[in-house]
2 protein chains.
Amino acid sequence: MKIAVDAMGGDFAPREIVQGAVQAVQEYGFQIILVGDTEKITAELGSFPRDKIELVHTKEVIAMDEHPASSVRKKKGSSIVQANLLVKEGSAQAVVSAGSTGAAMAASLLYLGRIKGIDRPAIASVLPTMKGGTVLLDVGANVDCKPQYLLQFAIMGNLYASKILGIIKPRVGLLNIGEEETKGNELTLAAFPLLRQSGIDFIGNVEGREVFSGDIDVIVCDGFVGNIVLKTSEGLAMALKSMIKQEISCSITAKLGILLTLPSLKRFRQRIDYTEYGGAPLLGINGISVISHGSSTAKAIKNAIRVAADAVENGLVSSIRADIEKGQDTKGVEYSEEV
Amino acid sequence: MKIAVDAMGGDFAPREIVQGAVQAVQEYGFQIILVGDTEKITAELGSFPRDKIELVHTKEVIAMDEHPASSVRKKKGSSIVQANLLVKEGSAQAVVSAGSTGAAMAASLLYLGRIKGIDRPAIASVLPTMKGGTVLLDVGANVDCKPQYLLQFAIMGNLYASKILGIIKPRVGLLNIGEEETKGNELTLAAFPLLRQSGIDFIGNVEGREVFSGDIDVIVCDGFVGNIVLKTSEGLAMALKSMIKQEISCSITAKLGILLTLPSLKRFRQRIDYTEYGGAPLLGINGISVISHGSSTAKAIKNAIRVAADAVENGLVSSIRADIEKGQDTKGVEYSEEV
């Protein structure tokens, strides 16, 4: 198993990316191809043995404010494009990037293509809940969706939950403003019957209140709503932490109290640590492409590499292909590559 | 000032509603008209002096699963309809209800009507943040919106933040998936220029991460997104609390530690207590109608009554009327009463 890693993408690239690759080699024994500026990568690698790590040199850089689709078309020499091309030509089995989500998605769409029958690839994020992870998709790839896209997201999310998270018969819900079938906006009202007929374990509409309950394994929504749910949750968790800190810093007794609870709080932090889940696979792409958080640490990268390897080993792409071909009513429109 | 309160609406009605009314009389000296089953209300009131509290007897009940618009049309004898009629005929200046949001909204729309120039009334919710309250609207009245609705929400939210929360020159943001003007779905892309030309202090797009930062005073979105943001936040806060509790209950040291931090945690809880904000006014209605949380306690009802009184005293309805008439481009479609 060889995994191509975009060494230049992410807020802490190349340092944390290279360290994450090193950890993945040490822990799992994968072969890694680091794609990027070899001089900088070599400086980070130091004396780490090279038998499990290959380097592919690139120079071009895609800036965060560049238009994703046109930049990956023009800048063939960028690390994200070259990493995807390694998968396309068969030199690697999966690609991992912590760079711009738009550019990573555009590169995978353009160079790896879509699975036949999938109108739009989706980004699946795993949320930490009280009872393990919940898959939320789409979290930002498609802001305006048609009902059949949500059906395709449900099918792909279902496979991701079972193949990668190991959940037997995942419970799939449609994110909505009420539980009743008659509740919702035009999109969810039209998607509901499609999901019910899909053959997956569709448990109906789920409200925002249930997102973090852990009672639903896969939550389906359009990319606008999913992105806002994901970021609002991150923001709220941070705000709550700061508010608690503020209150506690006003009191010496409280400070002492917190010292005593530290081990418990640490266990809690580990439970909700997004870096544990590593990365969000781009589902619907004709190959394995995992997008990691822009602020990924080495640990997040290591786990993203593990997610990518799991997806390869469990045949995620061929499973999606098979389920989509099973004749589910997913007839859709042509995909425009303007992402 | 007389405020009509639907005594029969809410999970803990009539007990908590009646207690809340009593507290509002004691604390603020308002005149309250309790609308509902007088026998049950009297039992709750006990020996409380009646000079500030009037009763209006009603018998009909609207169940949670009834269609809001048709039920308030048919059941004129229900407490929610009668409470709105008291405002319509001038016997009360505002109405407060903790019953079904749909029924409360339908009753206010049907019997009080819309402000001229407003296509759709919106429900505004006040979120607790690190730096005070942030107004989020719409949180569920309108699931499919047109761009001009968002403009009207922005104008109404702006007035609510300044007139009721006392924020000078509120900063108004559009909830979106990126900060750049070019980011968004069809709706937000079309709404952005309308908000920029509106004359309010429009600070541009805001991402989910900023919702709880307290840096934005008014956040505008469609009712589908707003409802999901609100409920996901409630759910996440609850889930975090349970997870911390679970971890702490495993350790005696941690339990002792928490005892020491209790006063700080209590102050924290007060800061994020939704009952402090009392209720969500229905903005755009030709009268003051405040919707309180279904699980409202007496304190929440008391604060909802205060919000209603503030809105009356500060002339919220006439301010909205004036700002909408100022010639802002809010031309819209006819409102369908099918809520």
# chains A, B, ... in the order shown; residues from 1 in each chain; ligands from 1
call {"tool": "closest_atom_pairs", "arguments": {"of": "chain B", "to": "chain A", "cutoff": "6 Å", "atoms": "only C-alpha atoms", "output": "tab-separated table"}}
result
residue	atom	partner	partner_atom	distance
B:Val143	CA	A:Asn185	CA	5.2
B:Asp144	CA	A:Asn185	CA	5.8
B:Asn185	CA	A:Val143	CA	5.2
B:Gly208	CA	A:Thr232	CA	4.0
B:Arg209	CA	A:Gly235	CA	4.2
B:Phe212	CA	A:Leu236	CA	5.8
B:Ile228	CA	A:Gly208	CA	4.8
B:Lys231	CA	A:Gly208	CA	4.6
B:Thr232	CA	A:Gly208	CA	4.0
B:Gly235	CA	A:Arg209	CA	4.2
B:Leu236	CA	A:Phe212	CA	5.7
B:Glu247	CA	A:Ser264	CA	5.3
B:Ile248	CA	A:Ser264	CA	5.5
B:Thr253	CA	A:Leu260	CA	5.8
B:Ala254	CA	A:Thr261	CA	4.1
B:Gly257	CA	A:Gly257	CA	3.7
B:Ile258	CA	A:Gly257	CA	5.8
B:Leu260	CA	A:Gly257	CA	4.8
B:Thr261	CA	A:Ala254	CA	4.1
B:Ser264	CA	A:Glu247	CA	5.3
call {"tool": "write_last_selection", "arguments": {"atoms": "N, CA and C atoms", "output": "CSV table (one decimal), in the first residue's frame"}}
result
chain,number,residue,atom,x,y,z
B,143,VAL,N,-38.9,28.2,5.8
B,143,VAL,CA,-37.8,27.3,5.5
B,143,VAL,C,-37.2,27.5,4.1
B,144,ASP,N,-38.1,28.0,3.1
B,144,ASP,CA,-37.5,28.3,1.8
B,144,ASP,C,-37.7,29.8,1.6
B,185,ASN,N,-24.5,29.8,-1.2
B,185,ASN,CA,-25.4,29.1,-2.1
B,185,ASN,C,-26.2,30.2,-2.9
B,208,GLY,N,-20.1,29.7,10.4
B,208,GLY,CA,-20.6,29.1,11.6
B,208,GLY,C,-19.7,29.2,12.8
B,209,ARG,N,-18.4,29.2,12.6
B,209,ARG,CA,-17.4,29.3,13.7
B,209,ARG,C,-17.6,30.6,14.5
B,212,PHE,N,-21.0,32.0,17.9
B,212,PHE,CA,-21.0,32.2,19.3
B,212,PHE,C,-19.8,33.0,19.8
B,228,ILE,N,-31.8,24.7,12.4
B,228,ILE,CA,-30.8,23.6,12.6
B,228,ILE,C,-29.6,24.1,13.5
B,231,LYS,N,-30.9,24.3,17.2
B,231,LYS,CA,-31.1,23.0,17.8
B,231,LYS,C,-29.8,22.2,17.9
B,232,THR,N,-29.0,22.3,16.9
B,232,THR,CA,-27.7,21.6,17.0
B,232,THR,C,-26.9,22.1,18.2
B,235,GLY,N,-28.3,20.8,21.4
B,235,GLY,CA,-27.9,19.4,21.5
B,235,GLY,C,-26.4,19.2,21.9
B,236,LEU,N,-25.6,20.0,21.3
B,236,LEU,CA,-24.1,19.9,21.5
B,236,LEU,C,-23.8,20.3,23.0
B,247,GLU,N,-17.2,11.3,32.5
B,247,GLU,CA,-15.8,11.2,32.8
B,247,GLU,C,-15.6,11.5,34.3
B,248,ILE,N,-16.2,12.5,34.8
B,248,ILE,CA,-15.9,12.9,36.2
B,248,ILE,C,-16.5,11.9,37.2
B,253,THR,N,-11.5,11.9,43.0
B,253,THR,CA,-10.7,13.1,43.0
B,253,THR,C,-11.4,14.2,42.2
B,254,ALA,N,-11.9,13.7,41.0
B,254,ALA,CA,-12.5,14.6,40.1
B,254,ALA,C,-13.8,15.2,40.7
B,257,GLY,N,-13.0,17.8,43.0
B,257,GLY,CA,-12.6,18.9,42.2
B,257,GLY,C,-13.8,19.7,41.8
B,258,ILE,N,-14.8,19.0,41.3
B,258,ILE,CA,-16.0,19.7,40.7
B,258,ILE,C,-16.7,20.4,41.8
B,260,LEU,N,-15.4,22.0,44.2
B,260,LEU,CA,-14.7,23.3,44.4
B,260,LEU,C,-15.1,24.2,43.3
B,261,THR,N,-15.4,23.7,42.1
B,261,THR,CA,-15.6,24.6,41.0
B,261,THR,C,-17.1,25.0,40.8
B,264,SER,N,-18.3,28.6,40.2
B,264,SER,CA,-17.9,29.1,38.9
B,264,SER,C,-18.8,28.5,37.8
call {"tool": "atom_distance", "arguments": {"atom1": "atom CA of A:Gly90", "atom2": "atom CA of A:Lys2"}}
result
9.5 Å
call {"tool": "atom_distance", "arguments": {"atom1": "atom CA of B:Ile115", "atom2": "atom CA of B:Met64"}}
result
27.3 Å
call {"tool": "closest_residue", "arguments": {"among": "B:Val61, B:Ile285, B:Ala191, B:Ala122", "to": "B:Gly157", "atoms": "only C-alpha atoms"}}
result
B:Ala122
call {"tool": "select_by_dssp", "arguments": {"residues": "stretch 61-243 of chain A", "states": "helix (DSSP H, G or I)", "output": "PyMOL selection string"}}
result
chain A and resi 68-74+79-88+101-111+147-163+186-196+208-210+223-243
call {"tool": "write_last_selection", "arguments": {"atoms": "C-alpha atoms", "output": "short mmCIF file (atom, residue, chain, number, x, y, z; two decimals), in the first residue's frame"}}
result
data_model
loop_
_atom_site.label_atom_id
_atom_site.label_comp_id
_atom_site.auth_asym_id
_atom_site.auth_seq_id
_atom_site.Cartn_x
_atom_site.Cartn_y
_atom_site.Cartn_z
CA PRO A 68 -9.87 26.03 -7.11
CA ALA A 69 -10.94 24.58 -10.48
CA SER A 70 -8.96 26.92 -12.71
CA SER A 71 -5.84 26.79 -10.50
CA VAL A 72 -5.61 22.99 -10.50
CA ARG A 73 -6.12 23.07 -14.28
CA LYS A 74 -3.33 25.61 -14.79
CA SER A 79 1.80 19.28 -5.00
CA ILE A 80 -1.97 18.64 -4.84
CA VAL A 81 -2.20 17.93 -8.59
CA GLN A 82 0.92 15.76 -8.62
CA ALA A 83 -0.29 13.76 -5.61
CA ASN A 84 -3.57 13.04 -7.41
CA LEU A 85 -1.74 12.12 -10.61
CA LEU A 86 0.25 9.51 -8.67
CA VAL A 87 -3.05 7.82 -7.84
CA LYS A 88 -4.32 8.19 -11.38
CA THR A 101 -10.59 21.90 0.42
CA GLY A 102 -11.73 23.45 -2.84
CA ALA A 103 -8.42 22.78 -4.58
CA ALA A 104 -8.16 19.24 -3.20
CA MET A 105 -11.66 18.46 -4.40
CA ALA A 106 -11.12 20.09 -7.80
CA ALA A 107 -7.87 18.16 -8.30
CA SER A 108 -9.47 14.82 -7.42
CA LEU A 109 -12.51 15.53 -9.60
CA LEU A 110 -10.43 16.60 -12.56
CA TYR A 111 -7.72 13.94 -12.41
CA PRO A 147 -32.93 15.58 -4.02
CA GLN A 148 -31.08 12.79 -5.83
CA TYR A 149 -27.75 14.17 -4.59
CA LEU A 150 -28.96 13.64 -1.01
CA LEU A 151 -29.92 10.07 -1.93
CA GLN A 152 -26.42 9.49 -3.29
CA PHE A 153 -24.90 11.05 -0.15
CA ALA A 154 -26.99 8.67 1.96
CA ILE A 155 -25.79 5.62 0.00
CA MET A 156 -22.15 6.73 0.21
CA GLY A 157 -22.36 7.73 3.89
CA ASN A 158 -23.93 4.38 4.69
CA LEU A 159 -21.02 2.54 3.05
CA TYR A 160 -18.47 4.77 4.77
CA ALA A 161 -19.99 4.10 8.19
CA SER A 162 -20.04 0.35 7.63
CA LYS A 163 -16.76 -0.12 5.74
CA GLU A 186 -38.42 21.85 -0.68
CA LEU A 187 -35.18 19.86 -0.84
CA THR A 188 -35.72 17.64 2.20
CA LEU A 189 -39.39 17.09 1.41
CA ALA A 190 -38.41 15.78 -2.02
CA ALA A 191 -35.45 13.76 -0.73
CA PHE A 192 -37.42 11.95 2.01
CA PRO A 193 -39.27 9.45 -0.25
CA LEU A 194 -36.05 8.77 -2.20
CA LEU A 195 -34.24 7.83 0.99
CA ARG A 196 -37.13 5.70 2.18
CA GLY A 208 -30.39 19.43 15.05
CA ARG A 209 -30.81 18.42 18.68
CA GLU A 210 -29.97 14.79 17.79
CA GLY A 223 -23.24 21.09 1.86
CA PHE A 224 -24.38 24.55 2.95
CA VAL A 225 -26.21 23.25 6.00
CA GLY A 226 -23.51 20.65 6.78
CA ASN A 227 -20.72 23.21 6.64
CA ILE A 228 -22.58 25.55 8.98
CA VAL A 229 -23.45 22.74 11.41
CA LEU A 230 -19.82 21.62 11.52
CA LYS A 231 -18.34 25.08 11.99
CA THR A 232 -20.99 26.26 14.45
CA SER A 233 -20.29 23.19 16.58
CA GLU A 234 -16.55 23.86 16.52
CA GLY A 235 -17.19 27.49 17.44
CA LEU A 236 -19.59 26.63 20.24
CA ALA A 237 -17.22 24.08 21.78
CA MET A 238 -14.46 26.70 21.75
CA ALA A 239 -16.72 29.41 23.18
CA LEU A 240 -17.94 27.15 26.00
CA LYS A 241 -14.35 26.28 26.87
CA SER A 242 -13.34 29.95 27.01
CA MET A 243 -16.37 30.91 29.09
#
call {"tool": "atom_distance", "arguments": {"atom1": "atom CA of B:Asp37", "atom2": "atom CA of B:Gly20"}}
result
16.5 Å
call {"tool": "residues_around", "arguments": {"residues": "B:Ala308", "least_positions_apart": "3", "cutoff": "8 Å", "atoms": "only C-alpha atoms", "output": "mmCIF file with all heavy atoms, in the first residue's frame"}}
result
data_model
loop_
_atom_site.group_PDB
_atom_site.id
_atom_site.type_symbol
_atom_site.label_atom_id
_atom_site.label_comp_id
_atom_site.auth_asym_id
_atom_site.auth_seq_id
_atom_site.Cartn_x
_atom_site.Cartn_y
_atom_site.Cartn_z
ATOM 1 N N ILE B 3 -50.624 42.699 29.113
ATOM 2 C CA ILE B 3 -50.078 41.652 28.250
ATOM 3 C C ILE B 3 -50.917 40.383 28.376
ATOM 4 O O ILE B 3 -51.175 39.909 29.487
ATOM 5 C CB ILE B 3 -48.591 41.396 28.591
ATOM 6 C CG1 ILE B 3 -47.799 42.657 28.224
ATOM 7 C CG2 ILE B 3 -48.059 40.181 27.828
ATOM 8 C CD1 ILE B 3 -46.402 42.670 28.715
ATOM 9 N N ALA B 94 -49.771 43.194 23.905
ATOM 10 C CA ALA B 94 -48.862 42.165 23.403
ATOM 11 C C ALA B 94 -49.379 40.799 23.830
ATOM 12 O O ALA B 94 -50.170 40.689 24.784
ATOM 13 C CB ALA B 94 -47.458 42.380 23.941
ATOM 14 N N VAL B 95 -48.924 39.758 23.112
ATOM 15 C CA VAL B 95 -49.312 38.394 23.447
ATOM 16 C C VAL B 95 -48.047 37.538 23.616
ATOM 17 O O VAL B 95 -47.066 37.702 22.882
ATOM 18 C CB VAL B 95 -50.266 37.800 22.371
ATOM 19 C CG1 VAL B 95 -49.718 37.991 20.969
ATOM 20 C CG2 VAL B 95 -50.543 36.329 22.614
ATOM 21 N N VAL B 96 -48.086 36.646 24.621
ATOM 22 C CA VAL B 96 -46.968 35.735 24.884
ATOM 23 C C VAL B 96 -47.509 34.305 24.888
ATOM 24 O O VAL B 96 -48.529 34.039 25.524
ATOM 25 C CB VAL B 96 -46.309 36.048 26.253
ATOM 26 C CG1 VAL B 96 -45.316 34.952 26.637
ATOM 27 C CG2 VAL B 96 -45.626 37.404 26.234
ATOM 28 N N PRO B 281 -39.410 37.086 19.762
ATOM 29 C CA PRO B 281 -40.510 37.843 19.178
ATOM 30 C C PRO B 281 -40.697 37.470 17.718
ATOM 31 O O PRO B 281 -39.735 37.199 17.012
ATOM 32 C CB PRO B 281 -40.051 39.294 19.309
ATOM 33 C CG PRO B 281 -38.599 39.249 19.488
ATOM 34 C CD PRO B 281 -38.194 37.881 19.938
ATOM 35 N N ILE B 288 -47.238 42.977 18.799
ATOM 36 C CA ILE B 288 -46.152 42.275 19.484
ATOM 37 C C ILE B 288 -46.614 40.883 19.886
ATOM 38 O O ILE B 288 -47.560 40.724 20.659
ATOM 39 C CB ILE B 288 -45.689 43.065 20.729
ATOM 40 C CG1 ILE B 288 -45.192 44.457 20.333
ATOM 41 C CG2 ILE B 288 -44.603 42.284 21.469
ATOM 42 C CD1 ILE B 288 -43.979 44.474 19.436
ATOM 43 N N SER B 289 -45.937 39.887 19.374
ATOM 44 C CA SER B 289 -46.247 38.493 19.675
ATOM 45 C C SER B 289 -44.937 37.795 20.007
ATOM 46 O O SER B 289 -44.033 37.731 19.178
ATOM 47 C CB SER B 289 -46.922 37.849 18.460
ATOM 48 O OG SER B 289 -47.121 36.470 18.686
ATOM 49 N N VAL B 290 -44.822 37.299 21.248
ATOM 50 C CA VAL B 290 -43.573 36.670 21.675
ATOM 51 C C VAL B 290 -43.812 35.179 21.884
ATOM 52 O O VAL B 290 -44.768 34.770 22.540
ATOM 53 C CB VAL B 290 -43.036 37.329 22.972
ATOM 54 C CG1 VAL B 290 -41.861 36.541 23.538
ATOM 55 C CG2 VAL B 290 -42.613 38.768 22.693
ATOM 56 N N ALA B 304 -40.083 36.394 29.078
ATOM 57 C CA ALA B 304 -40.770 36.575 27.795
ATOM 58 C C ALA B 304 -41.758 37.739 27.899
ATOM 59 O O ALA B 304 -41.902 38.533 26.967
ATOM 60 C CB ALA B 304 -41.496 35.291 27.406
ATOM 61 N N ILE B 305 -42.414 37.840 29.049
ATOM 62 C CA ILE B 305 -43.354 38.955 29.278
ATOM 63 C C ILE B 305 -42.579 40.279 29.284
ATOM 64 O O ILE B 305 -43.012 41.273 28.709
ATOM 65 C CB ILE B 305 -44.123 38.746 30.610
ATOM 66 C CG1 ILE B 305 -45.059 37.530 30.471
ATOM 67 C CG2 ILE B 305 -44.910 40.000 30.995
ATOM 68 C CD1 ILE B 305 -45.719 37.089 31.770
ATOM 69 N N ALA B 311 -40.698 45.529 23.915
ATOM 70 C CA ALA B 311 -41.013 45.744 22.503
ATOM 71 C C ALA B 311 -42.138 46.764 22.353
ATOM 72 O O ALA B 311 -42.099 47.619 21.465
ATOM 73 C CB ALA B 311 -41.384 44.418 21.835
ATOM 74 N N VAL B 312 -43.123 46.689 23.250
ATOM 75 C CA VAL B 312 -44.226 47.655 23.213
ATOM 76 C C VAL B 312 -43.693 49.047 23.545
ATOM 77 O O VAL B 312 -43.908 50.019 22.814
ATOM 78 C CB VAL B 312 -45.342 47.266 24.219
ATOM 79 C CG1 VAL B 312 -46.404 48.369 24.298
ATOM 80 C CG2 VAL B 312 -45.970 45.935 23.815
#
call {"tool": "closest_residue", "arguments": {"among": "B:Ser100, B:Ser125, B:Ser319, B:Asn303", "to": "B:Gly10", "atoms": "only C-alpha atoms"}}
result
B:Ser100
call {"tool": "residues_around", "arguments": {"residues": "B:Gly173", "least_positions_apart": "2", "cutoff": "8 Å", "atoms": "only C-alpha atoms", "output": "ChimeraX atom specification"}}
result
/B:171,175,202-206,216-220
call {"tool": "select_by_dssp", "arguments": {"residues": "stretch 56-203 of chain B", "states": "strand (DSSP E or B)", "output": "VMD selection string"}}
result
chain B and resid 56 to 57 60 78 94 to 97 114 122 to 129 132 to 137 172 to 175 202 to 203
